[in-house]
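So this block is entry.csv, CSV, C-alpha atoms:
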chain,number,residue,atom,x,y,z
A,1,MET,CA,-16.1,-10.8,-1.4
A,2,LYS,CA,-19.3,-8.8,-0.9
A,3,LYS,CA,-20.5,-11.5,1.5
A,4,VAL,CA,-17.4,-10.9,3.6
A,5,VAL,CA,-18.1,-7.1,3.7
A,6,VAL,CA,-21.7,-7.7,4.9
A,7,PHE,CA,-20.5,-10.2,7.5
A,8,VAL,CA,-17.9,-8.0,9.0
A,9,LEU,CA,-20.2,-5.0,9.1
A,10,LEU,CA,-23.0,-7.1,10.6
A,11,PHE,CA,-20.6,-8.4,13.2
A,12,LEU,CA,-19.4,-4.9,14.2
A,13,THR,CA,-23.0,-3.7,14.4
A,14,VAL,CA,-24.5,-6.6,16.3
A,15,SER,CA,-21.6,-6.9,18.7
A,16,LEU,CA,-22.5,-3.5,20.1
A,17,LEU,CA,-26.1,-4.7,20.8
A,18,ILE,CA,-25.1,-7.9,22.7
A,19,PRO,CA,-26.1,-7.8,26.4
A,20,ARG,CA,-23.1,-7.6,28.7
A,21,GLU,CA,-23.9,-10.9,30.3
A,22,THR,CA,-23.6,-12.9,27.0
A,23,ILE,CA,-20.0,-11.8,26.5
A,24,VAL,CA,-17.3,-13.9,28.2
A,25,ALA,CA,-14.2,-12.2,29.4
A,26,GLU,CA,-11.0,-13.9,30.5
A,27,GLN,CA,-8.5,-11.8,32.4
A,28,THR,CA,-5.1,-13.3,31.5
A,29,GLY,CA,-3.0,-10.1,31.5
A,30,PRO,CA,-3.5,-6.3,31.6
A,31,TYR,CA,-6.4,-6.5,29.1
A,32,PRO,CA,-9.4,-8.8,29.3
A,33,ILE,CA,-10.0,-11.2,26.4
A,34,ILE,CA,-13.5,-10.6,25.1
A,35,LYS,CA,-15.1,-13.6,23.3
A,36,ASN,CA,-18.0,-12.6,21.1
A,37,PRO,CA,-20.5,-15.5,20.7
A,38,ILE,CA,-21.3,-14.4,17.1
A,39,VAL,CA,-17.9,-15.4,15.7
A,40,THR,CA,-16.2,-18.6,16.9
A,41,ASP,CA,-13.3,-20.8,15.9
A,42,VAL,CA,-11.6,-18.4,13.4
A,43,ASP,CA,-8.2,-19.8,12.4
A,44,VAL,CA,-6.7,-16.7,10.8
A,45,LEU,CA,-7.6,-13.0,10.9
A,46,ILE,CA,-5.9,-11.1,8.1
A,47,ASP,CA,-5.2,-7.5,9.1
A,48,VAL,CA,-5.1,-5.6,5.9
A,49,GLY,CA,-2.6,-2.7,6.5
A,50,HIS,CA,-3.6,0.9,5.8
A,51,GLY,CA,-6.5,1.9,3.6
A,52,GLY,CA,-8.5,5.0,2.5
A,53,ILE,CA,-6.8,8.2,3.3
A,54,ASP,CA,-3.8,6.3,4.6
A,55,SER,CA,-2.0,4.9,1.5
A,56,GLY,CA,1.0,3.6,3.4
A,57,THR,CA,4.3,3.7,1.5
A,58,LEU,CA,4.4,4.2,-2.2
A,59,TYR,CA,6.3,4.0,-5.4
A,60,GLY,CA,5.1,6.4,-8.1
A,61,GLU,CA,1.3,5.6,-8.3
A,62,LEU,CA,1.7,2.2,-6.7
A,63,TYR,CA,0.3,2.3,-3.1
A,64,GLU,CA,1.0,0.0,-0.3
A,65,LYS,CA,-2.7,-0.1,0.7
A,66,ASP,CA,-3.6,-1.6,-2.6
A,67,ILE,CA,-0.8,-4.3,-2.5
A,68,ASN,CA,-1.9,-5.2,1.0
A,69,LEU,CA,-5.5,-5.6,0.0
A,70,GLU,CA,-4.8,-7.7,-3.1
A,71,MET,CA,-2.4,-10.0,-1.2
A,72,ALA,CA,-4.9,-10.3,1.6
A,73,LYS,CA,-7.6,-11.5,-0.8
A,74,LEU,CA,-5.3,-14.0,-2.5
A,75,THR,CA,-4.1,-15.3,0.9
A,76,TYR,CA,-7.7,-15.5,2.1
A,77,ASN,CA,-8.6,-17.6,-0.9
A,78,VAL,CA,-5.7,-20.0,-0.5
A,79,LEU,CA,-6.4,-20.6,3.1
A,80,LYS,CA,-10.2,-21.0,2.5
A,81,LYS,CA,-9.6,-23.6,-0.2
A,82,LYS,CA,-7.4,-25.6,2.3
A,83,GLY,CA,-10.3,-25.7,4.7
A,84,TYR,CA,-9.3,-22.9,7.2
A,85,ASN,CA,-11.7,-20.4,8.7
A,86,VAL,CA,-10.4,-17.0,7.7
A,87,MET,CA,-11.5,-13.4,8.1
A,88,MET,CA,-10.3,-10.0,6.7
A,89,ASN,CA,-10.8,-6.8,8.6
A,90,ARG,CA,-11.2,-4.8,5.3
A,91,VAL,CA,-12.1,-5.9,1.8
A,92,GLU,CA,-12.2,-2.5,0.1
A,93,ASP,CA,-10.2,0.8,0.1
A,94,TYR,CA,-11.3,2.5,3.3
A,95,ALA,CA,-9.7,3.5,6.7
A,96,LEU,CA,-10.7,1.5,9.7
A,97,SER,CA,-10.3,4.6,11.8
A,98,GLY,CA,-13.6,5.8,10.3
A,99,GLU,CA,-15.4,2.9,12.1
A,100,ASN,CA,-13.9,3.8,15.5
A,101,ARG,CA,-16.4,5.9,17.5
A,102,TRP,CA,-15.2,4.7,20.9
A,103,PHE,CA,-11.5,5.5,21.2
A,104,ARG,CA,-11.0,9.0,22.5
A,105,SER,CA,-8.1,10.4,20.5
A,106,SER,CA,-7.5,13.1,18.0
A,107,SER,CA,-5.0,10.8,16.2
A,108,ARG,CA,-6.5,9.1,13.2
A,109,HIS,CA,-3.5,6.7,13.2
A,110,LEU,CA,-4.1,5.6,16.8
A,111,LYS,CA,-7.9,5.3,16.2
A,112,ASP,CA,-7.1,3.0,13.2
A,113,LEU,CA,-4.7,0.8,15.3
A,114,ALA,CA,-7.1,0.6,18.2
A,115,GLN,CA,-9.9,-0.5,15.9
A,116,ARG,CA,-7.8,-3.2,14.4
A,117,SER,CA,-6.7,-4.5,17.8
A,118,HIS,CA,-10.2,-4.3,19.3
A,119,LEU,CA,-11.7,-6.3,16.4
A,120,ALA,CA,-9.0,-8.9,16.7
A,121,ASN,CA,-9.6,-9.3,20.5
A,122,GLU,CA,-13.4,-9.6,20.0
A,123,ILE,CA,-13.0,-12.3,17.3
A,124,HIS,CA,-10.2,-14.0,19.2
A,125,PRO,CA,-8.8,-15.9,16.2
A,126,LYS,CA,-6.0,-18.5,16.6
A,127,THR,CA,-3.6,-16.2,14.6
A,128,VAL,CA,-3.5,-12.6,13.3
A,129,ILE,CA,-1.3,-11.7,10.3
A,130,SER,CA,-0.9,-8.0,9.6
A,131,LEU,CA,0.1,-7.5,5.9
A,132,HIS,CA,2.4,-4.5,5.0
A,133,VAL,CA,4.9,-3.4,2.5
A,134,ASN,CA,8.4,-2.0,3.3
A,135,TRP,CA,10.5,0.8,1.9
A,136,ALA,CA,14.2,1.8,2.1
A,137,ALA,CA,16.3,4.6,0.7
A,138,LYS,CA,18.8,2.0,-0.6
A,139,THR,CA,17.1,0.2,-3.5
A,140,GLY,CA,19.2,-2.9,-3.0
A,141,LYS,CA,17.6,-3.7,0.3
A,142,ARG,CA,15.1,-6.4,-0.2
A,143,GLY,CA,13.3,-9.4,1.3
A,144,PRO,CA,10.4,-10.2,3.7
A,145,ILE,CA,10.6,-9.3,7.4
A,146,VAL,CA,8.3,-10.8,10.0
A,147,LEU,CA,7.9,-9.0,13.4
A,148,HIS,CA,6.5,-10.8,16.4
A,149,GLN,CA,5.2,-10.2,19.9
A,150,LYS,CA,7.0,-11.1,23.1
A,151,SER,CA,5.3,-14.4,23.4
A,152,GLU,CA,6.9,-17.7,22.2
A,153,GLU,CA,3.8,-18.6,20.2
A,154,SER,CA,4.0,-15.3,18.2
A,155,LYS,CA,7.7,-15.9,17.7
A,156,GLN,CA,7.0,-19.4,16.4
A,157,LEU,CA,4.3,-18.1,14.0
A,158,ALA,CA,6.8,-15.5,12.8
A,159,THR,CA,9.5,-18.1,12.3
A,160,CYS,CA,7.2,-20.4,10.3
A,161,LEU,CA,6.3,-17.4,8.0
A,162,GLN,CA,9.9,-16.2,7.7
A,163,THR,CA,11.1,-19.7,6.8
A,164,SER,CA,8.5,-20.1,4.1
A,165,LEU,CA,9.1,-16.6,2.7
A,166,ASN,CA,12.9,-16.9,2.7
A,167,GLN,CA,12.5,-19.9,0.5
A,168,LEU,CA,10.4,-18.0,-2.0
A,169,TYR,CA,12.6,-14.9,-2.0
A,170,GLY,CA,16.0,-16.7,-1.7
A,171,THR,CA,16.8,-14.7,1.4
A,172,ASN,CA,18.0,-15.7,4.9
A,173,ARG,CA,16.4,-13.0,7.1
A,174,GLU,CA,15.7,-13.6,10.8
A,175,VAL,CA,12.5,-12.7,12.6
A,176,VAL,CA,12.4,-9.4,14.6
A,177,TYR,CA,10.8,-8.6,17.9
A,178,GLY,CA,8.4,-5.7,17.3
A,179,LYS,CA,8.6,-4.3,20.8
A,180,THR,CA,7.2,-0.8,19.9
A,181,PHE,CA,4.4,-1.8,17.6
A,182,TYR,CA,0.9,-0.9,18.9
A,183,LEU,CA,-0.8,-3.9,17.2
A,184,LEU,CA,1.6,-6.4,18.6
A,185,LYS,CA,1.4,-5.0,22.1
A,186,HIS,CA,-2.4,-4.9,22.2
A,187,VAL,CA,-3.6,-8.0,20.3
A,188,GLN,CA,-4.0,-10.9,22.8
A,189,VAL,CA,-3.5,-13.9,20.4
A,190,PRO,CA,-0.4,-14.9,18.5
A,191,ALA,CA,0.0,-12.0,16.0
A,192,VAL,CA,2.7,-10.9,13.6
A,193,ILE,CA,3.4,-8.0,11.3
A,194,LEU,CA,4.5,-9.2,7.9
A,195,GLU,CA,6.5,-6.8,5.7
A,196,MET,CA,6.1,-8.7,2.4
A,197,GLY,CA,8.9,-6.9,0.7
A,198,PHE,CA,10.4,-3.6,-0.2
A,199,ILE,CA,8.4,-1.5,-2.7
A,200,SER,CA,11.7,0.4,-3.4
A,201,ASN,CA,13.3,-2.8,-4.7
A,202,SER,CA,12.5,-3.8,-8.3
A,203,LEU,CA,12.6,-7.6,-7.5
A,204,ASP,CA,10.4,-7.3,-4.5
A,205,ARG,CA,8.1,-4.9,-6.2
A,206,GLU,CA,7.6,-7.4,-9.1
A,207,GLN,CA,7.0,-10.2,-6.5
A,208,MET,CA,4.2,-8.2,-4.9
A,209,THR,CA,2.5,-6.9,-8.1
A,210,HIS,CA,2.9,-9.5,-10.9
A,211,PRO,CA,-0.2,-11.6,-10.8
A,212,LYS,CA,1.5,-15.0,-11.1
A,213,LYS,CA,4.1,-14.0,-8.5
A,214,GLN,CA,1.5,-12.6,-6.2
A,215,GLN,CA,-0.2,-16.0,-6.2
A,216,LYS,CA,3.1,-17.6,-5.3
A,217,LEU,CA,3.5,-15.1,-2.5
A,218,ALA,CA,0.0,-15.8,-1.2
A,219,GLU,CA,0.7,-19.5,-1.2
A,220,SER,CA,4.0,-19.0,0.7
A,221,ILE,CA,2.2,-16.9,3.4
A,222,ALA,CA,-0.5,-19.5,3.7
A,223,ASP,CA,2.1,-22.3,4.0
A,224,GLY,CA,3.8,-20.4,6.9
A,225,VAL,CA,0.5,-19.9,8.7
A,226,ILE,CA,-0.5,-23.5,8.2
A,227,ALA,CA,2.9,-24.8,9.4
A,228,PHE,CA,2.3,-22.9,12.7
A,229,LEU,CA,-1.3,-24.1,13.1
A,230,LYS,CA,-0.3,-27.7,12.6
A,231,THR,CA,2.1,-27.4,15.5
A,232,THR,CA,-0.6,-26.1,17.9
A,233,GLN,CA,-3.8,-27.9,16.8
A,234,GLN,CA,-5.3,-30.5,14.6
A,235,PRO,CA,-5.2,-29.3,10.9
A,236,ALA,CA,-8.4,-28.4,9.2
A,237,LYS,CA,-10.2,-31.2,7.4

Show me this structure written as structure tokens.
Amino acid sequence: MKKVVVFVLLFLTVSLLIPRETIVAEQTGPYPIIKNPIVTDVDVLIDVGHGGIDSGTLYGELYEKDINLEMAKLTYNVLKKKGYNVMMNRVEDYALSGENRWFRSSSRHLKDLAQRSHLANEIHPKTVISLHVNWAAKTGKRGPIVLHQKSEESKQLATCLQTSLNQLYGTNREVVYGKTFYLLKHVQVPAVILEMGFISNSLDREQMTHPKKQQKLAESIADGVIAFLKTTQQPAK
């Protein structure tokens, strides 16, 4: 994974040095799509939720940020082995807001979200999946929830993931339109937020923390992503 760290840091550094004329922009909406020539043809960008000072939700000494990172690594490996071009936006425990020197805001949270969105739009992958963990006051509440953008492609990606995860969890949840979520509003490719389960529920918690069950969860996530990619393009060889 050290190679991935070096690659991402190199990309972020070099992208700032690229002459303006070598960056291609397509205006298809309120925000231009920036295509960086350093990184091309990425199938999946895994947005690893939270990190560093931002632990996300928790259960005792079990932190969401750590579950997100472990599940991202496992999902990355599954997709890579199946021949897909995959990237992660963090591979260690740090906050992406610390890399953001351009967004003028005193809010660490907004700087973090802006950095994630900016990176996704520069890389311009075919899909973005943002991994998260849910929490509820009622411990009986369980199961994965996938939130999507307004676009039909995003909804289709969410549906493929939700279907795959429902089979794993034995649930029948429907996808949800994440209208208010910053990442979903600003990322310009099909993107979803995947709440992998409820840390407050013992069954979900075991699914997200037991090594063998984590592997099954990673495979289920990968299956959902691949099902979507196969409907929009030729599968990886």

* To do: Please provide as a ChimeraX atom specification all residues within 9 Å of region 182-194 of chain A, with the sequence filter that same-chain residues fewer than 4 positions apart are discarded (counting all atoms listed in the file).
  => /A:29,31-33,47,110,113-114,116-118,120-121,124-133,144-158,161-162,178

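Residue nearest Ile123 (chain A) within the list A:Val44, A:Leu168, A:Val78, A:Ala136: A:Val44 [criterion: smallest interatomic distance, all atoms listed in the file].
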
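Note that the spacing between CA of Gln115 (chain A) and CA of Asn89 (chain A) amounts to 9.7 Å.
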
If you count only C-alpha atoms, which residues fall within 9 Å of Glu70 (chain A), apart from same-chain ones fewer than 5 positions away, as a compact mmCIF listing (two decimals) with C-alpha atoms, keeping the file's coordinate frame?
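This is the output file out_21.txt:
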# COMPACT_ATOMS: atom_id res chain seq x y z
CA LYS A 65 -2.70 -0.10 0.70
CA THR A 75 -4.10 -15.30 0.90
CA VAL A 91 -12.10 -5.90 1.80
CA THR A 209 2.50 -6.90 -8.10
CA GLN A 214 1.50 -12.60 -6.20

* Residue among A:Thr159, A:Thr232, A:Thr57, A:Asn85 lying closest to Asp41 (chain A), counting all atoms listed in the file -> A:Asn85

* Atom pair CA of Leu45 (chain A) / CA of Lys81 (chain A): separation (Å) ->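 Computing it gives 15.5 Å between the two atoms.
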
* Rank nothing, just name the residue among A:Ala95, A:Ser220, A:Ala72, A:Arg90 nearest to Ile53 (chain A), using only C-alpha atoms. =>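 For Ile53 (chain A), the nearest of the candidates is A:Ala95.
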
* d(CA of Asn166 (chain A), CA of Glu219 (chain A)) in Å ->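 Going from CA of Asn166 (chain A) over to CA of Glu219 (chain A) covers 13.1 Å.
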
* To do: Identify which of the residues A:Tyr94, A:Gly52, A:Asn134, A:Ile46 lies closest to Asn77 (chain A), counting all atoms listed in the file when measuring atom-to-atom distances.
  =>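 Selected residue with least distance to Asn77 (chain A): A:Ile46.
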
* **Neighbour list for Lys212 (chain A) as a list in words, cut-off 12 Å, all atoms listed in the file, skip fewer than 6 positions in-chain** =>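 Listed by chain and then number, they are Met71, Leu74, Glu206, Ala218 and Glu219 of chain A.
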
* Structure fact -> Closest of A:Lys216, A:Lys141, A:His50, A:Lys80 to Ile67 (chain A), counting all atoms listed in the file, is A:His50

* Could you pull the residues within 12 Å of Lys138 (chain A), counting all atoms listed in the file, minus those fewer than 3 positions along the same chain, as a count of residues only? -> 9
